[in-house]
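Everything below belongs to target13.pdb, which stores PDB, C-alpha atoms, pLDDT in the B column.
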```
ATOM      1  CA  MET A1482      25.859  18.364  -4.323  1.00 81.00           C
ATOM      2  CA  ASP A1483      29.485  19.320  -3.687  1.00 85.00           C
ATOM      3  CA  LEU A1484      31.865  16.369  -3.543  1.00 89.00           C
ATOM      4  CA  SER A1485      35.048  18.412  -3.935  1.00 88.00           C
ATOM      5  CA  LYS A1486      36.425  17.307  -0.552  1.00 90.00           C
ATOM      6  CA  TYR A1487      36.202  13.604  -1.315  1.00 96.00           C
ATOM      7  CA  ASN A1488      38.512  10.969  -2.722  1.00 98.00           C
ATOM      8  CA  ILE A1489      36.231   8.269  -4.118  1.00 98.00           C
ATOM      9  CA  GLY A1490      37.534   4.861  -5.137  1.00 98.00           C
ATOM     10  CA  LEU A1491      35.396   3.543  -7.983  1.00 98.00           C
ATOM     11  CA  GLY A1492      35.694  -0.209  -8.578  1.00 98.00           C
ATOM     12  CA  ILE A1493      34.522  -1.391 -11.993  1.00 98.00           C
ATOM     13  CA  THR A1494      33.806  -5.091 -12.499  1.00 97.00           C
ATOM     14  CA  GLY A1495      32.720  -7.027 -15.574  1.00 92.00           C
ATOM     15  CA  SER A1496      29.023  -6.248 -15.886  1.00 92.00           C
ATOM     16  CA  PHE A1497      29.630  -4.972 -19.398  1.00 91.00           C
ATOM     17  CA  CYS A1498      25.990  -4.103 -20.130  1.00 90.00           C
ATOM     18  CA  THR A1499      26.110  -1.416 -17.413  1.00 92.00           C
ATOM     19  CA  PHE A1500      29.429   0.160 -18.425  1.00 94.00           C
ATOM     20  CA  ALA A1501      27.771   3.076 -20.249  1.00 94.00           C
ATOM     21  CA  ARG A1502      25.594   3.895 -17.224  1.00 94.00           C
ATOM     22  CA  ALA A1503      28.585   3.666 -14.885  1.00 96.00           C
ATOM     23  CA  ARG A1504      30.600   5.967 -17.135  1.00 96.00           C
ATOM     24  CA  LYS A1505      27.830   8.566 -17.080  1.00 97.00           C
ATOM     25  CA  GLU A1506      27.782   8.555 -13.265  1.00 97.00           C
ATOM     26  CA  ILE A1507      31.571   8.775 -13.075  1.00 97.00           C
ATOM     27  CA  GLU A1508      31.307  11.895 -15.241  1.00 98.00           C
ATOM     28  CA  ARG A1509      28.678  13.306 -12.852  1.00 97.00           C
ATOM     29  CA  LEU A1510      30.849  12.596  -9.803  1.00 98.00           C
ATOM     30  CA  CYS A1511      33.763  14.421 -11.425  1.00 97.00           C
ATOM     31  CA  GLU A1512      31.488  17.347 -12.336  1.00 97.00           C
ATOM     32  CA  MET A1513      30.496  17.500  -8.649  1.00 96.00           C
ATOM     33  CA  GLY A1514      34.179  17.962  -7.823  1.00 97.00           C
ATOM     34  CA  ALA A1515      35.056  14.487  -6.550  1.00 98.00           C
ATOM     35  CA  ASN A1516      38.525  13.065  -7.059  1.00 98.00           C
ATOM     36  CA  VAL A1517      37.544   9.701  -8.548  1.00 98.00           C
ATOM     37  CA  ILE A1518      40.180   6.994  -8.553  1.00 98.00           C
ATOM     38  CA  PRO A1519      39.108   4.158 -10.862  1.00 98.00           C
ATOM     39  CA  ILE A1520      39.926   0.574  -9.937  1.00 98.00           C
ATOM     40  CA  PHE A1521      39.501  -2.022 -12.683  1.00 98.00           C
ATOM     41  CA  SER A1522      38.904  -5.746 -12.306  1.00 97.00           C
ATOM     42  CA  PHE A1523      40.938  -7.960 -14.602  1.00 97.00           C
ATOM     43  CA  ASN A1524      37.850  -8.698 -16.718  1.00 96.00           C
ATOM     44  CA  ALA A1525      36.956  -5.015 -17.025  1.00 96.00           C
ATOM     45  CA  GLN A1526      40.495  -4.358 -18.287  1.00 96.00           C
ATOM     46  CA  THR A1527      40.744  -7.179 -20.789  1.00 96.00           C
ATOM     47  CA  CYS A1528      37.376  -8.404 -22.129  1.00 94.00           C
ATOM     48  CA  ASP A1529      36.224  -6.929 -25.421  1.00 94.00           C
ATOM     49  CA  THR A1530      32.480  -7.527 -25.745  1.00 93.00           C
ATOM     50  CA  ARG A1531      29.518  -6.492 -27.877  1.00 93.00           C
ATOM     51  CA  PHE A1532      29.359  -3.443 -25.593  1.00 92.00           C
ATOM     52  CA  GLY A1533      32.791  -2.218 -26.658  1.00 93.00           C
ATOM     53  CA  SER A1534      36.539  -2.440 -26.367  1.00 95.00           C
ATOM     54  CA  ALA A1535      38.028  -2.887 -22.898  1.00 94.00           C
ATOM     55  CA  LYS A1536      41.031  -0.737 -23.775  1.00 96.00           C
ATOM     56  CA  GLU A1537      38.858   2.146 -25.002  1.00 96.00           C
ATOM     57  CA  TYR A1538      36.614   1.942 -21.947  1.00 96.00           C
ATOM     58  CA  VAL A1539      39.482   1.916 -19.446  1.00 97.00           C
ATOM     59  CA  GLU A1540      41.297   4.750 -21.232  1.00 97.00           C
ATOM     60  CA  GLY A1541      38.058   6.757 -21.391  1.00 97.00           C
ATOM     61  CA  ILE A1542      37.414   6.415 -17.661  1.00 98.00           C
ATOM     62  CA  CYS A1543      40.997   7.391 -16.868  1.00 98.00           C
ATOM     63  CA  GLU A1544      40.668  10.455 -19.109  1.00 98.00           C
ATOM     64  CA  ILE A1545      37.392  11.513 -17.440  1.00 98.00           C
ATOM     65  CA  THR A1546      38.820  11.179 -13.925  1.00 98.00           C
ATOM     66  CA  GLY A1547      42.312  12.442 -14.657  1.00 98.00           C
ATOM     67  CA  ASN A1548      43.668   9.429 -12.772  1.00 97.00           C
ATOM     68  CA  GLU A1549      45.538   6.480 -14.271  1.00 95.00           C
ATOM     69  CA  GLY A1550      43.540   4.022 -12.216  1.00 96.00           C
ATOM     70  CA  ILE A1551      44.473   0.965 -10.212  1.00 98.00           C
ATOM     71  CA  ARG A1552      44.869  -2.151 -12.345  1.00 98.00           C
ATOM     72  CA  SER A1553      46.598  -4.731 -10.155  1.00 98.00           C
ATOM     73  CA  ILE A1554      46.209  -6.398  -6.774  1.00 98.00           C
ATOM     74  CA  CYS A1555      49.596  -4.973  -5.748  1.00 97.00           C
ATOM     75  CA  GLY A1556      48.435  -1.511  -6.793  1.00 98.00           C
ATOM     76  CA  ALA A1557      45.275  -1.804  -4.686  1.00 98.00           C
ATOM     77  CA  GLU A1558      46.881  -3.040  -1.445  1.00 97.00           C
ATOM     78  CA  PRO A1559      48.297   0.379  -0.359  1.00 97.00           C
ATOM     79  CA  ILE A1560      44.738   1.760  -0.110  1.00 97.00           C
ATOM     80  CA  GLY A1561      44.629   0.267   3.401  1.00 96.00           C
ATOM     81  CA  PRO A1562      47.820   1.533   5.026  1.00 96.00           C
ATOM     82  CA  ASN A1563      47.822   4.834   3.123  1.00 97.00           C
ATOM     83  CA  ASN A1564      44.147   5.441   4.021  1.00 97.00           C
ATOM     84  CA  PHE A1565      43.565   7.891   1.163  1.00 95.00           C
ATOM     85  CA  LEU A1566      39.982   7.073   0.155  1.00 98.00           C
ATOM     86  CA  ASP A1567      37.027   8.677   1.907  1.00 98.00           C
ATOM     87  CA  ILE A1568      34.603   6.178   0.389  1.00 98.00           C
ATOM     88  CA  MET A1569      34.637   3.418  -2.196  1.00 98.00           C
ATOM     89  CA  ALA A1570      31.977   2.171  -4.583  1.00 98.00           C
ATOM     90  CA  ILE A1571      31.846  -0.939  -6.729  1.00 98.00           C
ATOM     91  CA  ALA A1572      29.756   0.144  -9.701  1.00 97.00           C
ATOM     92  CA  PRO A1573      28.888  -2.110 -11.370  1.00 97.00           C
ATOM     93  CA  CYS A1574      29.295  -4.989  -8.932  1.00 98.00           C
ATOM     94  CA  THR A1575      28.786  -8.401 -10.528  1.00 97.00           C
ATOM     95  CA  GLY A1576      27.276 -11.350  -8.689  1.00 97.00           C
ATOM     96  CA  ASN A1577      30.707 -12.976  -8.820  1.00 97.00           C
ATOM     97  CA  THR A1578      32.320  -9.994  -7.102  1.00 98.00           C
ATOM     98  CA  ALA A1579      29.530  -9.838  -4.485  1.00 98.00           C
ATOM     99  CA  ALA A1580      29.978 -13.551  -3.719  1.00 97.00           C
ATOM    100  CA  LYS A1581      33.719 -13.171  -3.290  1.00 98.00           C
ATOM    101  CA  LEU A1582      33.357 -10.002  -1.223  1.00 97.00           C
ATOM    102  CA  CYS A1583      31.055 -11.610   1.316  1.00 94.00           C
ATOM    103  CA  ASN A1584      33.421 -14.581   1.577  1.00 95.00           C
ATOM    104  CA  GLY A1585      36.627 -12.583   2.003  1.00 95.00           C
ATOM    105  CA  ILE A1586      38.175 -13.480  -1.354  1.00 97.00           C
ATOM    106  CA  THR A1587      40.586 -10.882  -2.766  1.00 96.00           C
ATOM    107  CA  ASP A1588      41.696 -12.164  -6.163  1.00 97.00           C
ATOM    108  CA  THR A1589      41.075  -9.024  -8.254  1.00 98.00           C
ATOM    109  CA  PRO A1590      42.195  -5.386  -7.916  1.00 98.00           C
ATOM    110  CA  VAL A1591      38.629  -4.331  -7.018  1.00 98.00           C
ATOM    111  CA  LEU A1592      38.280  -6.925  -4.255  1.00 98.00           C
ATOM    112  CA  MET A1593      41.710  -6.098  -2.814  1.00 98.00           C
ATOM    113  CA  ALA A1594      40.820  -2.396  -2.902  1.00 98.00           C
ATOM    114  CA  ALA A1595      37.533  -3.066  -1.082  1.00 98.00           C
ATOM    115  CA  LYS A1596      39.270  -5.165   1.583  1.00 97.00           C
ATOM    116  CA  ALA A1597      42.038  -2.601   2.039  1.00 97.00           C
ATOM    117  CA  HIS A1598      39.543   0.264   2.226  1.00 98.00           C
ATOM    118  CA  MET A1599      37.187  -1.469   4.654  1.00 97.00           C
ATOM    119  CA  ARG A1600      39.974  -2.189   7.120  1.00 96.00           C
ATOM    120  CA  ASN A1601      39.891   1.561   7.819  1.00 97.00           C
ATOM    121  CA  GLY A1602      36.216   1.421   8.890  1.00 97.00           C
ATOM    122  CA  LYS A1603      35.035   3.531   5.970  1.00 97.00           C
ATOM    123  CA  PRO A1604      31.925   3.037   3.808  1.00 98.00           C
ATOM    124  CA  LEU A1605      31.706   0.775   0.772  1.00 98.00           C
ATOM    125  CA  VAL A1606      28.843   1.290  -1.679  1.00 98.00           C
ATOM    126  CA  ILE A1607      27.662  -1.528  -3.941  1.00 98.00           C
ATOM    127  CA  ALA A1608      25.795  -1.028  -7.220  1.00 98.00           C
ATOM    128  CA  ILE A1609      24.691  -4.589  -7.916  1.00 97.00           C
ATOM    129  CA  SER A1610      24.300  -5.888 -11.467  1.00 96.00           C
ATOM    130  CA  THR A1611      23.680  -9.602 -11.840  1.00 95.00           C
ATOM    131  CA  ASN A1612      21.404 -11.958 -13.723  1.00 94.00           C
ATOM    132  CA  ASP A1613      21.272 -14.169 -10.623  1.00 94.00           C
ATOM    133  CA  ALA A1614      20.326 -11.688  -7.885  1.00 95.00           C
ATOM    134  CA  LEU A1615      17.094 -13.505  -7.066  1.00 95.00           C
ATOM    135  CA  GLY A1616      18.683 -16.928  -7.545  1.00 95.00           C
ATOM    136  CA  ALA A1617      21.888 -18.263  -6.006  1.00 93.00           C
ATOM    137  CA  GLY A1618      23.217 -14.700  -5.583  1.00 94.00           C
ATOM    138  CA  PHE A1619      20.369 -13.668  -3.278  1.00 96.00           C
ATOM    139  CA  LYS A1620      22.066 -15.010  -0.145  1.00 97.00           C
ATOM    140  CA  ASN A1621      25.237 -13.054  -0.940  1.00 97.00           C
ATOM    141  CA  ILE A1622      23.325  -9.792  -1.315  1.00 97.00           C
ATOM    142  CA  GLY A1623      21.603 -10.498   1.999  1.00 97.00           C
ATOM    143  CA  MET A1624      24.913 -11.179   3.728  1.00 97.00           C
ATOM    144  CA  LEU A1625      26.427  -7.977   2.368  1.00 98.00           C
ATOM    145  CA  MET A1626      23.408  -5.938   3.459  1.00 96.00           C
ATOM    146  CA  ASN A1627      24.000  -7.164   6.990  1.00 96.00           C
ATOM    147  CA  MET A1628      27.694  -6.191   7.053  1.00 96.00           C
ATOM    148  CA  LYS A1629      28.969  -3.084   8.785  1.00 96.00           C
ATOM    149  CA  ASN A1630      29.844  -0.097   6.563  1.00 98.00           C
ATOM    150  CA  ILE A1631      28.328  -1.586   3.381  1.00 98.00           C
ATOM    151  CA  TYR A1632      25.615   0.360   1.584  1.00 98.00           C
ATOM    152  CA  PHE A1633      23.645  -0.358  -1.578  1.00 98.00           C
ATOM    153  CA  VAL A1634      22.629   1.774  -4.512  1.00 98.00           C
ATOM    154  CA  PRO A1635      18.876   1.081  -4.859  1.00 97.00           C
ATOM    155  CA  PHE A1636      18.167  -1.718  -7.298  1.00 97.00           C
ATOM    156  CA  GLY A1637      15.315  -3.514  -9.008  1.00 95.00           C
ATOM    157  CA  GLN A1638      14.471  -6.112 -11.616  1.00 94.00           C
ATOM    158  CA  ASP A1639      15.594  -4.960 -15.035  1.00 90.00           C
ATOM    159  CA  ASN A1640      13.772  -7.524 -17.189  1.00 88.00           C
ATOM    160  CA  TYR A1641      11.441  -9.655 -15.088  1.00 89.00           C
ATOM    161  CA  LYS A1642       9.835 -11.355 -18.097  1.00 92.00           C
ATOM    162  CA  SER A1643      12.952 -12.617 -19.848  1.00 93.00           C
ATOM    163  CA  LYS A1644      15.338 -12.668 -16.863  1.00 93.00           C
ATOM    164  CA  PRO A1645      13.236 -13.062 -13.694  1.00 94.00           C
ATOM    165  CA  ASN A1646      16.272 -13.418 -11.386  1.00 95.00           C
ATOM    166  CA  SER A1647      18.128 -10.396 -12.772  1.00 95.00           C
ATOM    167  CA  MET A1648      18.520  -7.183 -10.784  1.00 96.00           C
ATOM    168  CA  ILE A1649      20.440  -4.032 -11.504  1.00 96.00           C
ATOM    169  CA  ALA A1650      21.261  -0.881  -9.549  1.00 96.00           C
ATOM    170  CA  LYS A1651      19.742   2.455 -10.457  1.00 96.00           C
ATOM    171  CA  MET A1652      23.096   3.985 -11.354  1.00 96.00           C
ATOM    172  CA  GLU A1653      21.621   7.480 -11.459  1.00 96.00           C
ATOM    173  CA  LEU A1654      21.293   7.244  -7.653  1.00 97.00           C
ATOM    174  CA  LEU A1655      25.012   6.590  -7.117  1.00 97.00           C
ATOM    175  CA  PRO A1656      25.909  10.187  -6.075  1.00 97.00           C
ATOM    176  CA  GLU A1657      23.032  10.386  -3.574  1.00 97.00           C
ATOM    177  CA  THR A1658      23.892   6.940  -2.198  1.00 98.00           C
ATOM    178  CA  LEU A1659      27.520   7.984  -1.726  1.00 98.00           C
ATOM    179  CA  GLU A1660      26.528  11.211   0.005  1.00 96.00           C
ATOM    180  CA  LEU A1661      24.303   9.416   2.526  1.00 97.00           C
ATOM    181  CA  ALA A1662      26.763   6.557   3.043  1.00 98.00           C
ATOM    182  CA  MET A1663      29.398   9.117   4.072  1.00 96.00           C
ATOM    183  CA  GLN A1664      26.929  10.080   6.823  1.00 97.00           C
ATOM    184  CA  GLY A1665      26.474   6.431   7.805  1.00 97.00           C
ATOM    185  CA  LYS A1666      22.994   6.214   6.260  1.00 98.00           C
ATOM    186  CA  GLN A1667      21.487   3.814   3.721  1.00 98.00           C
ATOM    187  CA  ILE A1668      19.488   5.539   0.989  1.00 98.00           C
ATOM    188  CA  GLN A1669      15.869   4.359   0.966  1.00 97.00           C
ATOM    189  CA  PRO A1670      14.008   2.601  -0.436  1.00 96.00           C
ATOM    190  CA  ILE A1671      16.637   0.029  -1.449  1.00 96.00           C
ATOM    191  CA  LEU A1672      14.253  -1.980  -3.605  1.00 94.00           C
ATOM    192  CA  GLN A1673      12.661   0.101  -6.320  1.00 89.00           C
ATOM    193  CA  ASN A1674      10.403  -0.356  -9.315  1.00 75.00           C
ATOM    194  CA  PRO A1675      11.922  -2.110 -12.313  1.00 64.00           C
ATOM    195  CA  VAL A1676      14.733  -0.120 -13.903  1.00 59.00           C
TER     196      VAL A1676
END
```

Could you show the structure in this file as C-alpha cells?
Amino acid sequence: MDLSKYNIGLGITGSFCTFARARKEIERLCEMGANVIPIFSFNAQTCDTRFGSAKEYVEGICEITGNEGIRSICGAEPIGPNNFLDIMAIAPCTGNTAAKLCNGITDTPVLMAAKAHMRNGKPLVIAISTNDALGAGFKNIGMLMNMKNIYFVPFGQDNYKSKPNSMIAKMELLPETLELAMQGKQIQPILQNPV
C-alpha cells in the first residue's frame, strides 16, 4: 500500500492501554510513505500512567512522524480553512471523545481538529477504545456510524469475561481502513472476533 500522496491527521486520545498499538500503526503508516501529522489530546500530552510517560510518548510519536504535532485547540483550528489533511483518524478514540464528537463538543485539540477537518467534507476514521462501548457509550457509537464521512476501524470485545462492555479497535487494520475510507467505503466486517 502506497500512502505517499496523503497527509493524514492522527488524533491520539487518552486510551493509554492502546498507546503501544497506536504507535506501531503510526510507524507502519510512515513506512508506507504517509505524511502523518499527530494531534494530541490534553490527557495524551500530560497523563503519566502505568503504561508510560506522556512526555516520552509524545516525543516518540513526533520523532517517528517527523512532525512536531498539534497540541492546542488554537493549533488545530487552521486545519479547516487551510484544508491540508486528506484524511484524519482518531486512534485511539476514547468513549469520552466519541461522546463529545457526536454532540459537537470541541474542547480538546483532537476534537477541534476533527471538527475543522470534517467541515471540508473529508473522511474521519475512528479506532474506538472504551470500557463502556456496550454500555452508555453504545448510543454514541451508533450515532457516529450513522454520520456522513465517518468510518470505523473494525472492533470487538477485548475481554468479555472481566469487562463485558469493553470494545477495542483492531489497530492493525488502521491502514486498510484509511485506504478504503479515502474511497468512501467502510471496511467490512466492522464487528470482528474478540481482539

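As for atom CA of A:Ile1518 and atom CA of A:Glu1549, they are spaced 7.9 Å apart.
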
Residues within 10 Å of stretch 1505-1514 of chain A, all atoms listed in the file, excluding chain neighbours under 3 positions, as a VMD selection string
chain A and resid 1482 to 1489 1491 1500 to 1502 1517 to 1519 1542 1545 to 1547 1572 1652 to 1656 1659

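Taking atom CA of A:Ala1515 and atom CA of A:Met1593 as endpoints, the distance between them is 22.0 Å.
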
Once the PyMOL selection byres ((chain A and resi 1590) around 8) has been evaluated on this model, what residues remain selected, and can you format them as number ranges by chain?
A: 1520-1523, 1551-1557, 1587-1589, 1591-1594

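Taking atom CA of A:Gly1492 and atom CA of A:Asn1640 as the two end points, the separation is 24.7 Å.
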
I would like the residues chosen by the PyMOL selection byres ((chain A and resi 1621-1635) around 6) on the shown file; could you give them as a list in words?
Ala1580, Cys1583, Pro1604, Leu1605, Val1606, Ile1607, Ala1608, Gly1618, Phe1619, Lys1620, Phe1636, Ala1650, Lys1651, Leu1655, Thr1658, Gln1667, Ile1671 and Leu1672 of chain A

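The neighbours of stretch 1527-1532 of chain A here are the residues that come within 8 Å of it, using only C-alpha atoms and leaving out any residue fewer than 4 positions away in the same chain; they are Phe1497, Cys1498, Phe1523 and Lys1536 of chain A.
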
Expansion of the PyMOL selection byres ((chain A and resi 1648) around 12) into residues, as a PyMOL selection string:
chain A and resi 1496+1499+1573-1576+1608-1616+1618-1619+1622+1634-1641+1643-1647+1649-1651+1671-1676

When you count all atoms listed in the file, which of these residues is closest to A:Gly1602: A:Gln1669, A:Gln1526, A:Asn1564, A:Asn1548?
A:Asn1564

What lies within 9 Å of A:Asn1524 using all atoms listed in the file, ignoring chain neighbours under 6 positions off, as a ChimeraX atom specification?
/A:1494-1495,1535

Find the axis-aligned box for stretch 1654-1663 of chain A, covering all its listed atoms and adding 5 Å on each side, and write its centre and edge lengths in Å to one decimal as JSON.
```
{"center_x": 25.3, "center_y": 8.9, "center_z": -1.8, "size_x": 18.1, "size_y": 14.7, "size_z": 21.7}
```
